[in-house]
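What follows is the content of work-v6.cif, which has mmCIF, C-alpha atoms:
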```
data_model
loop_
_atom_site.group_PDB
_atom_site.id
_atom_site.type_symbol
_atom_site.label_atom_id
_atom_site.label_comp_id
_atom_site.auth_asym_id
_atom_site.auth_seq_id
_atom_site.Cartn_x
_atom_site.Cartn_y
_atom_site.Cartn_z
ATOM 1 C CA MET A 1397 -111.021 55.476 -70.856
ATOM 2 C CA GLU A 1398 -114.445 57.023 -71.222
ATOM 3 C CA ARG A 1399 -113.878 60.483 -69.871
ATOM 4 C CA THR A 1400 -113.616 63.937 -71.346
ATOM 5 C CA SER A 1401 -111.117 65.559 -69.005
ATOM 6 C CA ILE A 1402 -108.357 64.903 -66.496
ATOM 7 C CA GLY A 1403 -106.362 67.172 -64.228
ATOM 8 C CA GLY A 1404 -107.932 70.351 -65.596
ATOM 9 C CA TYR A 1405 -107.321 69.391 -69.233
ATOM 10 C CA ARG A 1406 -110.047 68.571 -71.746
ATOM 11 C CA LEU A 1407 -109.321 65.442 -73.776
ATOM 12 C CA VAL A 1408 -109.940 66.323 -77.414
ATOM 13 C CA GLN A 1409 -108.848 63.206 -79.280
ATOM 14 C CA GLN A 1410 -107.321 59.818 -78.532
ATOM 15 C CA VAL A 1411 -104.358 59.446 -80.862
ATOM 16 C CA THR A 1412 -102.527 56.224 -79.996
ATOM 17 C CA THR A 1413 -102.136 53.565 -77.390
ATOM 18 C CA GLY A 1414 -98.830 53.449 -75.594
ATOM 19 C CA GLY A 1415 -98.480 49.811 -74.638
ATOM 20 C CA PRO A 1416 -100.414 47.838 -72.024
ATOM 21 C CA GLY A 1417 -102.826 50.064 -70.129
ATOM 22 C CA CYS A 1418 -101.530 53.330 -71.646
ATOM 23 C CA LEU A 1419 -103.592 55.768 -73.688
ATOM 24 C CA HIS A 1420 -102.449 58.928 -75.478
ATOM 25 C CA TYR A 1421 -104.606 62.000 -76.024
ATOM 26 C CA LEU A 1422 -104.460 65.452 -77.513
ATOM 27 C CA ALA A 1423 -105.813 67.935 -75.011
ATOM 28 C CA THR A 1424 -106.448 71.565 -74.198
ATOM 29 C CA ARG A 1425 -106.906 73.427 -70.926
ATOM 30 C CA GLU A 1426 -110.488 73.274 -69.714
ATOM 31 C CA ASP A 1427 -110.457 77.057 -69.308
ATOM 32 C CA GLY A 1428 -108.630 77.625 -72.618
ATOM 33 C CA PRO A 1429 -109.827 78.298 -76.176
ATOM 34 C CA GLY A 1430 -109.632 74.621 -77.117
ATOM 35 C CA ASP A 1431 -108.292 75.059 -80.640
ATOM 36 C CA PRO A 1432 -105.723 73.897 -81.416
ATOM 37 C CA ALA A 1433 -105.130 71.147 -78.870
ATOM 38 C CA GLU A 1434 -101.751 72.245 -77.544
ATOM 39 C CA TYR A 1435 -101.040 69.428 -75.102
ATOM 40 C CA PHE A 1436 -100.284 65.718 -75.140
ATOM 41 C CA VAL A 1437 -101.600 63.512 -72.338
ATOM 42 C CA LYS A 1438 -100.337 60.053 -71.427
ATOM 43 C CA ALA A 1439 -102.539 58.119 -69.024
ATOM 44 C CA LEU A 1440 -102.128 54.737 -67.343
ATOM 45 C CA ILE A 1441 -105.466 52.996 -66.918
ATOM 46 C CA PRO A 1442 -105.946 50.513 -64.040
ATOM 47 C CA GLY A 1443 -107.138 46.987 -64.685
ATOM 48 C CA GLN A 1444 -103.991 45.046 -65.553
ATOM 49 C CA PRO A 1445 -102.995 41.928 -63.569
ATOM 50 C CA GLU A 1446 -101.659 42.966 -60.162
ATOM 51 C CA ARG A 1447 -97.966 42.253 -60.754
ATOM 52 C CA GLU A 1448 -98.000 43.795 -64.246
ATOM 53 C CA GLU A 1449 -99.871 46.852 -62.997
ATOM 54 C CA ALA A 1450 -97.268 47.446 -60.281
ATOM 55 C CA LEU A 1451 -94.516 47.236 -62.910
ATOM 56 C CA LEU A 1452 -96.310 49.599 -65.305
ATOM 57 C CA ARG A 1453 -97.019 52.073 -62.534
ATOM 58 C CA ALA A 1454 -93.384 52.136 -61.402
ATOM 59 C CA GLN A 1455 -92.204 52.729 -64.969
ATOM 60 C CA PHE A 1456 -94.826 55.451 -65.544
ATOM 61 C CA GLU A 1457 -93.865 57.244 -62.331
ATOM 62 C CA HIS A 1458 -90.191 56.975 -63.311
ATOM 63 C CA GLU A 1459 -90.922 58.510 -66.723
ATOM 64 C CA THR A 1460 -92.832 61.343 -65.055
ATOM 65 C CA GLN A 1461 -89.971 61.947 -62.619
ATOM 66 C CA LEU A 1462 -87.514 62.234 -65.510
ATOM 67 C CA PHE A 1463 -89.752 64.767 -67.271
ATOM 68 C CA GLU A 1464 -90.101 66.725 -64.010
ATOM 69 C CA THR A 1465 -86.310 66.874 -63.660
ATOM 70 C CA LEU A 1466 -85.457 67.658 -67.284
ATOM 71 C CA ASN A 1467 -85.470 71.308 -68.295
ATOM 72 C CA HIS A 1468 -84.250 70.996 -71.836
ATOM 73 C CA PRO A 1469 -85.217 72.502 -75.220
ATOM 74 C CA ASN A 1470 -85.118 69.102 -76.955
ATOM 75 C CA PHE A 1471 -87.630 67.506 -74.574
ATOM 76 C CA ALA A 1472 -91.283 68.445 -74.253
ATOM 77 C CA SER A 1473 -92.049 70.538 -71.161
ATOM 78 C CA LEU A 1474 -94.090 68.883 -68.424
ATOM 79 C CA HIS A 1475 -97.174 70.924 -67.461
ATOM 80 C CA ALA A 1476 -99.007 68.650 -65.057
ATOM 81 C CA SER A 1477 -98.997 65.172 -63.553
ATOM 82 C CA GLY A 1478 -100.995 63.364 -60.939
ATOM 83 C CA GLU A 1479 -103.641 60.769 -60.231
ATOM 84 C CA GLU A 1480 -107.390 61.051 -60.718
ATOM 85 C CA ASP A 1481 -109.903 58.238 -60.233
ATOM 86 C CA SER A 1482 -107.016 55.722 -60.007
ATOM 87 C CA ILE A 1483 -105.672 56.949 -63.372
ATOM 88 C CA ILE A 1484 -102.160 58.346 -63.299
ATOM 89 C CA TYR A 1485 -101.242 60.800 -66.029
ATOM 90 C CA TYR A 1486 -98.890 63.469 -67.206
ATOM 91 C CA VAL A 1487 -99.323 66.399 -69.594
ATOM 92 C CA VAL A 1488 -96.605 67.757 -71.889
ATOM 93 C CA ASP A 1489 -96.469 70.125 -74.848
ATOM 94 C CA ARG A 1490 -97.798 68.778 -78.121
ATOM 95 C CA VAL A 1491 -95.385 68.992 -81.043
ATOM 96 C CA MET A 1492 -97.193 70.357 -84.092
ATOM 97 C CA GLY A 1493 -95.734 68.234 -86.862
ATOM 98 C CA VAL A 1494 -94.749 64.629 -87.573
ATOM 99 C CA ASP A 1495 -92.252 62.138 -86.237
ATOM 100 C CA LEU A 1496 -89.053 61.242 -88.059
ATOM 101 C CA ALA A 1497 -90.382 57.808 -89.065
ATOM 102 C CA GLU A 1498 -93.213 59.549 -90.915
ATOM 103 C CA LEU A 1499 -90.894 62.048 -92.595
ATOM 104 C CA LEU A 1500 -88.550 59.275 -93.729
ATOM 105 C CA GLY A 1501 -91.401 57.182 -95.165
ATOM 106 C CA HIS A 1502 -90.733 54.206 -92.920
ATOM 107 C CA ARG A 1503 -94.364 53.353 -92.199
ATOM 108 C CA GLU A 1504 -95.307 53.178 -95.858
ATOM 109 C CA GLY A 1505 -92.266 51.089 -96.720
ATOM 110 C CA ASN A 1506 -90.835 53.808 -98.940
ATOM 111 C CA PRO A 1507 -87.738 55.104 -97.117
ATOM 112 C CA ARG A 1508 -86.154 58.319 -98.320
ATOM 113 C CA ALA A 1509 -83.010 60.284 -97.513
ATOM 114 C CA LEU A 1510 -82.519 63.826 -96.270
ATOM 115 C CA SER A 1511 -79.631 66.120 -97.135
ATOM 116 C CA SER A 1512 -76.463 65.798 -95.083
ATOM 117 C CA GLU A 1513 -76.958 69.368 -93.807
ATOM 118 C CA ILE A 1514 -80.449 68.552 -92.495
ATOM 119 C CA ALA A 1515 -79.154 65.241 -91.125
ATOM 120 C CA VAL A 1516 -76.438 66.981 -89.105
ATOM 121 C CA TYR A 1517 -78.787 69.668 -87.789
ATOM 122 C CA LEU A 1518 -81.442 67.105 -86.838
ATOM 123 C CA MET A 1519 -79.056 64.611 -85.260
ATOM 124 C CA ALA A 1520 -77.213 67.344 -83.345
ATOM 125 C CA GLN A 1521 -80.553 68.267 -81.765
ATOM 126 C CA VAL A 1522 -81.223 64.628 -80.828
ATOM 127 C CA ALA A 1523 -77.683 64.246 -79.519
ATOM 128 C CA ASN A 1524 -78.162 67.387 -77.436
ATOM 129 C CA ALA A 1525 -81.262 65.801 -75.892
ATOM 130 C CA VAL A 1526 -79.296 62.638 -75.111
ATOM 131 C CA VAL A 1527 -76.537 64.730 -73.507
ATOM 132 C CA GLY A 1528 -79.174 66.295 -71.266
ATOM 133 C CA LEU A 1529 -80.638 62.923 -70.304
ATOM 134 C CA HIS A 1530 -77.285 61.205 -69.742
ATOM 135 C CA GLY A 1531 -76.172 64.164 -67.641
ATOM 136 C CA LEU A 1532 -79.082 64.141 -65.169
ATOM 137 C CA GLU A 1533 -77.840 64.373 -61.598
ATOM 138 C CA GLN A 1534 -79.006 64.248 -58.030
ATOM 139 C CA LEU A 1535 -77.228 65.403 -54.875
ATOM 140 C CA ASP A 1536 -75.431 62.691 -52.954
ATOM 141 C CA GLU A 1537 -75.298 62.401 -49.151
ATOM 142 C CA HIS A 1538 -72.561 65.036 -49.067
ATOM 143 C CA GLY A 1539 -74.501 67.505 -51.211
ATOM 144 C CA ALA A 1540 -72.336 66.912 -54.283
ATOM 145 C CA PRO A 1541 -73.897 66.315 -57.746
ATOM 146 C CA ASP A 1542 -74.031 62.647 -58.727
ATOM 147 C CA LEU A 1543 -75.098 61.174 -62.072
ATOM 148 C CA ILE A 1544 -78.204 58.967 -61.951
ATOM 149 C CA ASP A 1545 -77.012 56.915 -64.964
ATOM 150 C CA ALA A 1546 -80.086 57.749 -67.049
ATOM 151 C CA LEU A 1547 -80.387 56.034 -70.453
ATOM 152 C CA HIS A 1548 -83.123 56.422 -73.053
ATOM 153 C CA ARG A 1549 -82.970 52.835 -74.418
ATOM 154 C CA ASP A 1550 -85.541 53.503 -77.175
ATOM 155 C CA ILE A 1551 -83.947 56.056 -79.493
ATOM 156 C CA CYS A 1552 -85.633 55.535 -82.861
ATOM 157 C CA PRO A 1553 -87.323 57.672 -85.563
ATOM 158 C CA ALA A 1554 -90.797 57.146 -84.082
ATOM 159 C CA ASN A 1555 -89.586 58.862 -80.901
ATOM 160 C CA VAL A 1556 -88.112 61.900 -82.641
ATOM 161 C CA LEU A 1557 -90.790 64.561 -83.105
ATOM 162 C CA LEU A 1558 -90.359 67.324 -85.685
ATOM 163 C CA SER A 1559 -92.299 70.583 -85.792
ATOM 164 C CA THR A 1560 -93.168 72.837 -88.701
ATOM 165 C CA ASP A 1561 -90.749 75.362 -87.160
ATOM 166 C CA GLY A 1562 -87.879 72.890 -87.398
ATOM 167 C CA ASP A 1563 -87.862 72.011 -83.711
ATOM 168 C CA VAL A 1564 -86.582 68.528 -82.814
ATOM 169 C CA ILE A 1565 -87.947 66.820 -79.696
ATOM 170 C CA LEU A 1566 -86.858 63.463 -78.267
ATOM 171 C CA ALA A 1567 -89.982 61.766 -76.889
ATOM 172 C CA ASP A 1568 -91.088 58.768 -74.856
ATOM 173 C CA LEU A 1569 -89.082 58.097 -71.713
ATOM 174 C CA GLY A 1570 -91.203 55.066 -70.881
ATOM 175 C CA SER A 1571 -88.351 52.660 -71.645
ATOM 176 C CA ALA A 1572 -85.695 54.770 -69.927
ATOM 177 C CA SER A 1573 -83.592 53.434 -67.092
ATOM 178 C CA SER A 1574 -81.782 55.142 -64.246
ATOM 179 C CA ARG A 1575 -80.804 54.579 -60.635
ATOM 180 C CA TRP A 1576 -84.237 55.962 -59.725
ATOM 181 C CA LEU A 1577 -85.882 52.807 -61.110
ATOM 182 C CA PRO A 1578 -84.907 49.514 -59.416
ATOM 183 C CA LYS A 1579 -83.411 46.925 -61.743
ATOM 184 C CA GLU A 1580 -86.195 44.457 -61.052
ATOM 185 C CA LEU A 1581 -88.664 47.014 -62.435
ATOM 186 C CA THR A 1582 -86.589 47.770 -65.548
ATOM 187 C CA VAL A 1583 -87.577 45.741 -68.614
ATOM 188 C CA ARG A 1584 -84.301 44.395 -69.969
ATOM 189 C CA ASP A 1585 -85.197 44.239 -73.677
ATOM 190 C CA ALA A 1586 -87.294 47.427 -73.917
ATOM 191 C CA GLY A 1587 -86.895 49.451 -77.099
ATOM 192 C CA ALA A 1588 -87.245 49.141 -80.862
ATOM 193 C CA ARG A 1589 -85.235 46.074 -81.894
ATOM 194 C CA ALA A 1590 -84.029 47.539 -85.211
ATOM 195 C CA TYR A 1591 -82.108 50.231 -83.275
ATOM 196 C CA MET A 1592 -80.592 47.988 -80.618
ATOM 197 C CA ALA A 1593 -76.858 47.473 -80.426
ATOM 198 C CA PRO A 1594 -75.492 43.963 -81.081
ATOM 199 C CA GLU A 1595 -74.465 43.471 -77.470
ATOM 200 C CA ARG A 1596 -78.078 43.982 -76.347
ATOM 201 C CA VAL A 1597 -79.685 41.745 -78.982
ATOM 202 C CA ILE A 1598 -77.127 39.025 -79.585
ATOM 203 C CA GLY A 1599 -75.130 39.085 -76.382
ATOM 204 C CA GLY A 1600 -77.998 39.797 -73.986
ATOM 205 C CA GLY A 1601 -76.023 42.632 -72.439
ATOM 206 C CA GLU A 1602 -77.249 45.599 -70.446
ATOM 207 C CA ALA A 1603 -78.056 48.936 -72.026
ATOM 208 C CA THR A 1604 -75.233 51.481 -71.708
ATOM 209 C CA VAL A 1605 -74.311 54.938 -72.952
ATOM 210 C CA GLN A 1606 -72.769 53.182 -75.962
ATOM 211 C CA THR A 1607 -76.031 51.385 -76.847
ATOM 212 C CA ASP A 1608 -77.819 54.753 -76.939
ATOM 213 C CA LEU A 1609 -75.028 56.052 -79.203
ATOM 214 C CA PHE A 1610 -75.404 53.034 -81.497
ATOM 215 C CA ALA A 1611 -79.108 53.844 -81.908
ATOM 216 C CA LEU A 1612 -78.213 57.443 -82.802
ATOM 217 C CA ALA A 1613 -75.850 56.189 -85.482
ATOM 218 C CA VAL A 1614 -78.425 53.800 -86.963
ATOM 219 C CA MET A 1615 -80.828 56.724 -87.354
ATOM 220 C CA LEU A 1616 -78.113 58.873 -88.916
ATOM 221 C CA TRP A 1617 -77.249 56.094 -91.407
ATOM 222 C CA GLU A 1618 -80.924 55.749 -92.391
ATOM 223 C CA ILE A 1619 -81.339 59.507 -92.837
ATOM 224 C CA LEU A 1620 -78.260 59.730 -95.067
ATOM 225 C CA ARG A 1621 -78.771 56.527 -97.081
ATOM 226 C CA GLY A 1622 -82.544 56.652 -97.468
ATOM 227 C CA GLN A 1623 -82.704 52.960 -96.545
ATOM 228 C CA ARG A 1624 -83.499 50.886 -93.488
ATOM 229 C CA CYS A 1625 -80.279 49.884 -91.799
ATOM 230 C CA LEU A 1626 -81.069 46.809 -89.692
ATOM 231 C CA ARG A 1627 -84.799 46.185 -89.878
ATOM 232 C CA GLY A 1628 -85.823 42.863 -91.400
ATOM 233 C CA ASP A 1629 -89.158 41.274 -92.228
ATOM 234 C CA ASN A 1630 -89.447 39.927 -88.680
ATOM 235 C CA ASP A 1631 -87.537 39.868 -85.394
ATOM 236 C CA ILE A 1632 -85.365 36.935 -86.430
ATOM 237 C CA SER A 1633 -84.247 38.540 -89.677
ATOM 238 C CA THR A 1634 -83.660 41.835 -87.845
ATOM 239 C CA MET A 1635 -81.411 40.039 -85.354
ATOM 240 C CA GLU A 1636 -79.555 38.403 -88.234
ATOM 241 C CA ASN A 1637 -79.071 41.817 -89.854
ATOM 242 C CA ILE A 1638 -77.706 43.208 -86.585
ATOM 243 C CA ALA A 1639 -75.279 40.305 -86.285
ATOM 244 C CA ARG A 1640 -74.066 40.672 -89.899
ATOM 245 C CA PHE A 1641 -73.884 44.449 -90.225
ATOM 246 C CA ASP A 1642 -70.359 45.767 -90.606
ATOM 247 C CA ILE A 1643 -69.889 49.485 -91.249
ATOM 248 C CA SER A 1644 -66.441 48.780 -92.728
ATOM 249 C CA ASN A 1645 -68.009 46.949 -95.684
ATOM 250 C CA ALA A 1646 -68.104 49.113 -98.805
ATOM 251 C CA SER A 1647 -71.812 48.356 -99.304
ATOM 252 C CA ASN A 1648 -72.624 49.937 -95.925
ATOM 253 C CA ARG A 1649 -70.567 53.091 -96.255
ATOM 254 C CA VAL A 1650 -71.999 56.541 -96.869
ATOM 255 C CA THR A 1651 -69.830 58.622 -99.198
ATOM 256 C CA GLY A 1652 -69.439 62.364 -99.581
ATOM 257 C CA LEU A 1653 -69.445 63.160 -95.864
ATOM 258 C CA SER A 1654 -67.132 65.476 -93.988
ATOM 259 C CA PRO A 1655 -64.479 63.721 -91.848
ATOM 260 C CA ARG A 1656 -66.241 64.565 -88.563
ATOM 261 C CA LEU A 1657 -69.621 63.290 -89.760
ATOM 262 C CA SER A 1658 -68.062 60.152 -91.173
ATOM 263 C CA GLU A 1659 -66.326 59.561 -87.827
ATOM 264 C CA VAL A 1660 -69.604 59.791 -85.899
ATOM 265 C CA LEU A 1661 -71.186 57.233 -88.193
ATOM 266 C CA ARG A 1662 -68.245 54.846 -88.392
ATOM 267 C CA ARG A 1663 -67.324 54.762 -84.723
ATOM 268 C CA ASN A 1664 -70.806 54.506 -83.249
ATOM 269 C CA LEU A 1665 -71.890 51.748 -85.640
ATOM 270 C CA ASP A 1666 -68.908 49.646 -84.604
ATOM 271 C CA LYS A 1667 -69.921 46.238 -83.226
ATOM 272 C CA ASP A 1668 -67.450 46.691 -80.384
ATOM 273 C CA PRO A 1669 -68.908 49.168 -77.850
ATOM 274 C CA GLY A 1670 -65.377 49.894 -76.658
ATOM 275 C CA ARG A 1671 -64.596 51.535 -80.004
ATOM 276 C CA ARG A 1672 -67.628 53.821 -79.914
ATOM 277 C CA PHE A 1673 -67.456 57.272 -78.378
ATOM 278 C CA ALA A 1674 -67.361 57.270 -74.589
ATOM 279 C CA THR A 1675 -70.002 59.968 -74.102
ATOM 280 C CA SER A 1676 -72.914 61.552 -75.908
ATOM 281 C CA HIS A 1677 -71.195 64.907 -75.438
ATOM 282 C CA GLN A 1678 -68.355 63.729 -77.697
ATOM 283 C CA VAL A 1679 -70.889 62.864 -80.405
ATOM 284 C CA LEU A 1680 -72.522 66.281 -80.113
ATOM 285 C CA SER A 1681 -69.105 67.922 -80.293
ATOM 286 C CA ARG A 1682 -68.169 66.052 -83.497
ATOM 287 C CA LEU A 1683 -71.514 66.902 -85.114
ATOM 288 C CA SER A 1684 -71.019 70.562 -84.168
ATOM 289 C CA GLN A 1685 -67.555 70.488 -85.765
ATOM 290 C CA ALA A 1686 -68.757 68.878 -89.008
ATOM 291 C CA THR A 1687 -68.639 71.253 -91.978
ATOM 292 C CA GLU A 1688 -72.293 70.393 -92.689
ATOM 293 C CA SER A 1689 -73.214 72.145 -89.427
ATOM 294 C CA GLU A 1690 -72.287 75.512 -90.950
ATOM 295 C CA HIS A 1691 -75.698 75.491 -92.629
ATOM 296 C CA ALA A 1692 -77.697 74.742 -89.455
ATOM 297 C CA ALA A 1693 -79.938 77.818 -89.690
ATOM 298 C CA ARG A 1694 -80.912 77.024 -93.269
ATOM 299 C CA ALA A 1695 -81.284 73.317 -92.458
ATOM 300 C CA ARG A 1696 -83.729 74.143 -89.662
ATOM 301 C CA ILE A 1697 -85.900 76.121 -92.069
ATOM 302 C CA GLU A 1698 -85.746 73.398 -94.708
ATOM 303 C CA LEU A 1699 -86.635 70.723 -92.159
ATOM 304 C CA GLY A 1700 -89.690 72.719 -91.092
ATOM 305 C CA GLU A 1701 -90.728 73.049 -94.736
ATOM 306 C CA LEU A 1702 -90.409 69.281 -95.245
ATOM 307 C CA VAL A 1703 -92.556 68.665 -92.163
ATOM 308 C CA GLN A 1704 -95.207 71.075 -93.424
ATOM 309 C CA ALA A 1705 -95.184 69.441 -96.849
ATOM 310 C CA ARG A 1706 -95.643 66.056 -95.199
ATOM 311 C CA LEU A 1707 -98.626 67.352 -93.248
ATOM 312 C CA ASP A 1708 -100.127 68.843 -96.411
ATOM 313 C CA ALA A 1709 -99.654 65.674 -98.485
ATOM 314 C CA PRO A 1710 -102.796 63.606 -99.196
ATOM 315 C CA PRO A 1711 -103.176 60.283 -97.340
ATOM 316 C CA ASN A 1712 -100.945 57.471 -98.643
ATOM 317 C CA SER A 1713 -98.858 59.991 -100.560
ATOM 318 C CA SER A 1714 -95.098 59.720 -100.494
ATOM 319 C CA GLY A 1715 -94.988 63.304 -99.212
ATOM 320 C CA ARG A 1716 -92.277 64.296 -101.673
#
```
As structure tokens, what does this structure read like?
Amino acid sequence: MERTSIGGYRLVQQVTTGGPGCLHYLATREDGPGDPAEYFVKALIPGQPEREEALLRAQFEHETQLFETLNHPNFASLHASGEEDSIIYYVVDRVMGVDLAELLGHREGNPRALSSEIAVYLMAQVANAVVGLHGLEQLDEHGAPDLIDALHRDICPANVLLSTDGDVILADLGSASSRWLPKELTVRDAGARAYMAPERVIGGGEATVQTDLFALAVMLWEILRGQRCLRGDNDISTMENIARFDISNASNRVTGLSPRLSEVLRRNLDKDPGRRFATSHQVLSRLSQATESEHAARARIELGELVQARLDAPPNSSGR
């Protein structure tokens, strides 16, 4: 997309692509100081095959609608959205920091652990975001609130943004589903495979509240163990790892945890979705009751310091 602005925002830098036809930019207001670039822009560029473009547009508009409806501290605030020159876009706050995959060393193949106190603080923030998403409602024909059955479907470290102030933001609703998006426009296998529940990967089942909770637990396991939980060298080996993983095996356990934290990990990594927690609110409640949560204020500060250290580390450094 060869343009310097959209919707009153000046595009400062293209940072990533976001799948077919999607571009991501850092931006600033055209009438603002311009430094630093405080906003993140996602834009859908026309030019895909007709059927694929209709699908991408529906999903993009659904993502924008979710951001418009959410008013939550663990999601980025939506500042603008619209269409300009056949390009649809939205603008949200930029998170000044790194994502969890970067902090954990996943991209360099050198995974590392965080303290259990930081893990509980961080995961409680993510769980709080999931509670907000799962709890989205609309008014039914009688004017009563009615859940829209919203699911994230792509909870993974790359979609957890961390700021130098210790803020935790759940990003990327492009794979989300809800009753606002028709089933025929919902990609069944969307999401990072290494965080998918067995029933989605092996059984071909639909995403549910429990599959989102499984993804939360995989992230928690990786944060605490300093290892990759299910990811293999390729999709086939990842699927094999998902099929074989059993949290009850001694080799997969994480020791030294409080009972509440251990319960969150054990139950939500269960292969049987019926044995996982029923709601994201229950997970948040257990994390809030864990003794590790008593140090949340300190953990927030320490997380921010780790993010800053990661930003200050030279390229290709471990960031430790």
Subject >> Near-Val1614 (chain A) list (8 Å; only C-alpha atoms; drop same-chain fewer than 2 positions) as a PyMOL selection string >> reply: chain A and resi 1591+1610-1612+1616-1618+1625-1626+1665
Subject >> Residues returned when the PyMOL selection byres ((chain A and resi 1461) around 12) runs on this file, as a PyMOL selection string >> reply: chain A and resi 1454-1460+1462-1467+1474+1476-1478+1485-1486+1532+1546+1569-1570+1572-1577
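The residue that comes closest to Ile1514 (chain A), out of A:Leu1707, A:Ile1619, A:Ile1643, A:Val1487 and on the basis of only C-alpha atoms, is A:Ile1619.
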Edge lengths and centre in Å to one decimal, as lines of an AutoDock Vina configuration file, of the axis-aligned box that encloses all listed atoms of region 1648-1655 of chain A with 6 Å added on every side?
```
center_x = -68.6
center_y = 57.7
center_z = -95.7
size_x = 20.1
size_y = 27.5
size_z = 19.7
```
Subject >> Coordinates-based distance that separates CA of Glu1479 (chain A) from CA of Val1556 (chain A) (Å, one decimal) >> reply: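 Straight-line distance from CA of Val1556 (chain A) to CA of Glu1479 (chain A) works out to 27.3 Å.
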**OP:** Would you kindly translate the PyMOL selection byres ((chain A and resi 1677-1694) around 12) into the concrete residues it picks from this file, as number ranges by chain?
**Re:** A: 1511-1531, 1561-1563, 1605-1606, 1608-1610, 1612-1613, 1616, 1652-1664, 1672-1676, 1695-1701
Subject >> Spatial neighbours of Arg1627 (chain A), max dist 10 Å, only C-alpha atoms, sep filter under 2 positions, as a list in words >> reply: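 Counting only C-alpha atoms, the residues come to Ala1588, Arg1589, Ala1590, Tyr1591, Gln1623, Arg1624, Cys1625, Asp1629, Asn1630, Asp1631, Ile1632, Ser1633, Thr1634, Met1635, Glu1636, Asn1637 and Ile1638 of chain A.
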Residue members of the PyMOL selection byres ((chain A and resi 1499) around 10) in the file shown, as a CSV table (one decimal) with C-alpha atoms, in the coordinates of the input:
```csv
chain,number,residue,atom,x,y,z
A,1493,GLY,CA,-95.7,68.2,-86.9
A,1494,VAL,CA,-94.7,64.6,-87.6
A,1495,ASP,CA,-92.3,62.1,-86.2
A,1496,LEU,CA,-89.1,61.2,-88.1
A,1497,ALA,CA,-90.4,57.8,-89.1
A,1498,GLU,CA,-93.2,59.5,-90.9
A,1500,LEU,CA,-88.6,59.3,-93.7
A,1501,GLY,CA,-91.4,57.2,-95.2
A,1502,HIS,CA,-90.7,54.2,-92.9
A,1503,ARG,CA,-94.4,53.4,-92.2
A,1507,PRO,CA,-87.7,55.1,-97.1
A,1508,ARG,CA,-86.2,58.3,-98.3
A,1509,ALA,CA,-83.0,60.3,-97.5
A,1510,LEU,CA,-82.5,63.8,-96.3
A,1553,PRO,CA,-87.3,57.7,-85.6
A,1554,ALA,CA,-90.8,57.1,-84.1
A,1557,LEU,CA,-90.8,64.6,-83.1
A,1558,LEU,CA,-90.4,67.3,-85.7
A,1619,ILE,CA,-81.3,59.5,-92.8
A,1699,LEU,CA,-86.6,70.7,-92.2
A,1702,LEU,CA,-90.4,69.3,-95.2
A,1703,VAL,CA,-92.6,68.7,-92.2
A,1705,ALA,CA,-95.2,69.4,-96.8
A,1706,ARG,CA,-95.6,66.1,-95.2
A,1707,LEU,CA,-98.6,67.4,-93.2
A,1714,SER,CA,-95.1,59.7,-100.5
A,1715,GLY,CA,-95.0,63.3,-99.2
A,1716,ARG,CA,-92.3,64.3,-101.7
```
I'd like a table as CSV: residues in region 1473-1581 of chain A with an atom no more than 9 Å from region 1433-1438 of chain A, each row giving the shortest atom pair and its distance in Å to one decimal, only C-alpha atoms counted, sorted by chain and rising residue number.
```
residue,atom,partner,partner_atom,distance
A:His1475,CA,A:Tyr1435,CA,8.7
A:Ile1484,CA,A:Lys1438,CA,8.5
A:Tyr1485,CA,A:Lys1438,CA,5.5
A:Tyr1486,CA,A:Lys1438,CA,5.6
A:Val1487,CA,A:Val1437,CA,4.6
A:Val1488,CA,A:Phe1436,CA,5.3
A:Asp1489,CA,A:Tyr1435,CA,4.6
A:Arg1490,CA,A:Tyr1435,CA,4.5
A:Val1491,CA,A:Glu1434,CA,8.0
A:Met1492,CA,A:Glu1434,CA,8.2
```
**OP:** Find, counting only C-alpha atoms, the residue in A:Met1592, A:Met1615, A:Ala1603, A:Ala1423 that gets nearest to Ala1639 (chain A).
**Re:** A:Met1592
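You will find CA of Asp1642 (chain A) at 12.2 Å from CA of Ala1593 (chain A).
The coordinates place CA of Gln1409 (chain A) at 19.1 Å from CA of Ala1567 (chain A).
Closest to Arg1640 (chain A) among A:Pro1594, A:Ile1565, A:Leu1547, A:Gly1600 is A:Pro1594, based on all atoms listed in the file.
Distances to Pro1578 (chain A) were evaluated for A:Ile1544, A:Thr1400, A:Gln1410, A:Ala1709 using all atoms listed in the file, and the minimum falls at A:Ile1544.
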Original post:
Which of these residues is nearest to Ser1559 (chain A), using only C-alpha atoms: A:Phe1641, A:Asn1470, A:Ser1401, A:Val1411?
Top reply: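 Closest to Ser1559 (chain A), using only C-alpha atoms: A:Asn1470.
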Original post:
Nearest to His1468 (chain A): which of A:Leu1581, A:Leu1620, A:Leu1566, A:Leu1440 is it, counting only C-alpha atoms?
Top reply: A:Leu1566
